[in-house]
>>> print(open('my_file-v4.cif').read())   # mmCIF, C-alpha atoms
data_structure
#
loop_
_atom_site.label_atom_id
_atom_site.label_comp_id
_atom_site.auth_asym_id
_atom_site.auth_seq_id
_atom_site.Cartn_x
_atom_site.Cartn_y
_atom_site.Cartn_z
CA MET A 1 -12.59 -12.34 5.49
CA ALA A 2 -10.67 -9.08 5.66
CA LEU A 3 -12.44 -5.97 6.86
CA LYS A 4 -12.64 -3.28 4.18
CA ALA A 5 -11.66 0.29 5.05
CA SER A 6 -14.96 1.55 3.67
CA ASP A 7 -16.77 -0.57 6.29
CA MET A 8 -14.63 0.60 9.23
CA THR A 9 -15.58 3.33 11.67
CA ASP A 10 -13.17 6.12 12.59
CA GLN A 11 -12.66 4.40 15.96
CA GLU A 12 -11.74 1.11 14.28
CA LEU A 13 -9.28 2.90 11.98
CA LYS A 14 -7.69 4.64 14.98
CA GLU A 15 -7.31 1.31 16.78
CA LEU A 16 -5.67 -0.13 13.66
CA MET A 17 -3.30 2.84 13.45
CA ARG A 18 -2.37 2.41 17.13
CA ALA A 19 -1.75 -1.33 16.70
CA ILE A 20 0.44 -0.90 13.61
CA ALA A 21 2.44 1.92 15.22
CA LYS A 22 2.92 -0.11 18.40
CA ALA A 23 4.00 -3.20 16.45
CA ASN A 24 6.63 -1.05 14.73
CA GLY A 25 7.87 0.33 18.05
CA ARG A 26 6.63 3.85 17.26
CA PRO A 27 3.49 4.50 19.33
CA LEU A 28 1.52 7.55 18.22
CA SER A 29 0.00 10.27 20.39
CA GLU A 30 -3.74 10.89 20.21
CA GLU A 31 -3.04 14.23 18.51
CA ARG A 32 -0.97 12.51 15.83
CA ILE A 33 -3.65 9.85 15.28
CA GLU A 34 -6.30 12.56 14.84
CA ALA A 35 -4.08 14.50 12.44
CA ASP A 36 -3.14 11.42 10.38
CA LEU A 37 -6.59 9.81 10.27
CA PRO A 38 -7.84 11.46 7.02
CA ALA A 39 -4.63 10.59 5.14
CA TYR A 40 -4.57 7.02 6.46
CA GLU A 41 -8.22 6.48 5.60
CA GLY A 42 -7.64 7.87 2.10
CA PHE A 43 -4.66 5.53 1.67
CA LEU A 44 -6.70 2.48 2.69
CA LEU A 45 -9.60 3.50 0.45
CA ALA A 46 -7.20 3.90 -2.49
CA LEU A 47 -5.88 0.38 -1.86
CA GLU A 48 -9.45 -0.87 -1.73
CA ARG A 49 -10.20 0.74 -5.10
CA MET A 50 -7.09 -0.82 -6.64
CA ASP A 51 -8.02 -4.24 -5.23
CA ALA A 52 -11.42 -3.94 -6.90
CA HIS A 53 -9.79 -3.61 -10.33
CA THR A 54 -8.72 -6.69 -12.26
CA PHE A 55 -5.24 -6.19 -13.63
CA ALA A 56 -3.76 -8.28 -16.40
CA GLN A 57 -0.36 -9.80 -15.77
CA GLU A 58 1.06 -7.39 -18.37
CA ASP A 59 -0.08 -4.50 -16.17
CA GLU A 60 2.20 -5.60 -13.33
CA PRO A 61 4.78 -2.87 -12.69
CA ALA A 62 7.70 -5.24 -12.34
CA PHE A 63 11.29 -5.18 -13.51
CA HIS A 64 12.33 -7.68 -16.10
CA PHE A 65 15.88 -8.92 -16.36
CA SER A 66 17.26 -11.13 -19.10
CA LEU A 67 20.69 -12.52 -19.73
CA ARG A 68 22.34 -11.63 -23.00
CA PRO A 69 24.82 -13.97 -24.60
CA PRO A 70 28.38 -12.64 -24.75
CA GLY A 71 29.32 -10.83 -27.93
CA PRO A 72 28.22 -7.76 -29.84
CA SER A 73 24.62 -6.77 -29.38
CA LYS A 74 22.40 -5.95 -32.35
CA GLY A 75 20.69 -3.03 -30.60
CA GLY A 76 23.73 -0.78 -30.20
CA SER A 77 26.20 -0.40 -27.38
CA ARG A 78 25.18 -1.00 -23.78
#
>>> encode(input="my_file-v4.cif", output="structure tokens")
Amino acid sequence: MALKASDMTDQELKELMRAIAKANGRPLSEERIEADLPAYEGFLLALERMDAHTFAQEDEPAFHFSLRPPGPSKGGSR
């Protein structure tokens, strides 16, 4: 089971930040981790709040493409 941000200590969040930065080849200084901690925690908590909400498939912010048959369109020029 995944650990929720709301259940993590500041130390655990800092370790997570270090691991992600290292995996991306961009290790962070301790000063940068301290400065970024509130924003990173807020980001994870926002994701947690969104995960708690049940979205309908119609709510999905996705692009929709459809093929139109050749010929004049009824909706105007495009």
>>> closest_atom_pairs(input="my_file-v4.cif", of="stretch 20-53 of chain A", to="stretch 9-15 of chain A", cutoff="10 Å", atoms="only C-alpha atoms", output="JSON lines")
{"residue": "A:Ile20", "atom": "CA", "partner": "A:Glu15", "partner_atom": "CA", "distance": 8.7}
{"residue": "A:Ala21", "atom": "CA", "partner": "A:Glu15", "partner_atom": "CA", "distance": 9.9}
{"residue": "A:Glu30", "atom": "CA", "partner": "A:Lys14", "partner_atom": "CA", "distance": 9.1}
{"residue": "A:Ile33", "atom": "CA", "partner": "A:Lys14", "partner_atom": "CA", "distance": 6.6}
{"residue": "A:Glu34", "atom": "CA", "partner": "A:Lys14", "partner_atom": "CA", "distance": 8.0}
{"residue": "A:Asp36", "atom": "CA", "partner": "A:Lys14", "partner_atom": "CA", "distance": 9.4}
{"residue": "A:Leu37", "atom": "CA", "partner": "A:Lys14", "partner_atom": "CA", "distance": 7.1}
{"residue": "A:Pro38", "atom": "CA", "partner": "A:Asp10", "partner_atom": "CA", "distance": 9.4}
{"residue": "A:Tyr40", "atom": "CA", "partner": "A:Leu13", "partner_atom": "CA", "distance": 8.3}
{"residue": "A:Glu41", "atom": "CA", "partner": "A:Leu13", "partner_atom": "CA", "distance": 7.4}
{"residue": "A:Leu44", "atom": "CA", "partner": "A:Leu13", "partner_atom": "CA", "distance": 9.7}
>>> atom_distance(input="my_file-v4.cif", atom1="atom CA of A:Ala19", atom2="atom CA of A:His53")
28.3 Å
>>> atom_distance(input="my_file-v4.cif", atom1="atom CA of A:Leu45", atom2="atom CA of A:Ala23")
22.0 Å
>>> atom_distance(input="my_file-v4.cif", atom1="atom CA of A:Ala52", atom2="atom CA of A:Leu16")
21.7 Å
>>> closest_residue(input="my_file-v4.cif", among="A:Met17, A:Ala35, A:Leu28, A:Leu3", to="A:Glu48", atoms="all atoms listed in the file")
A:Leu3
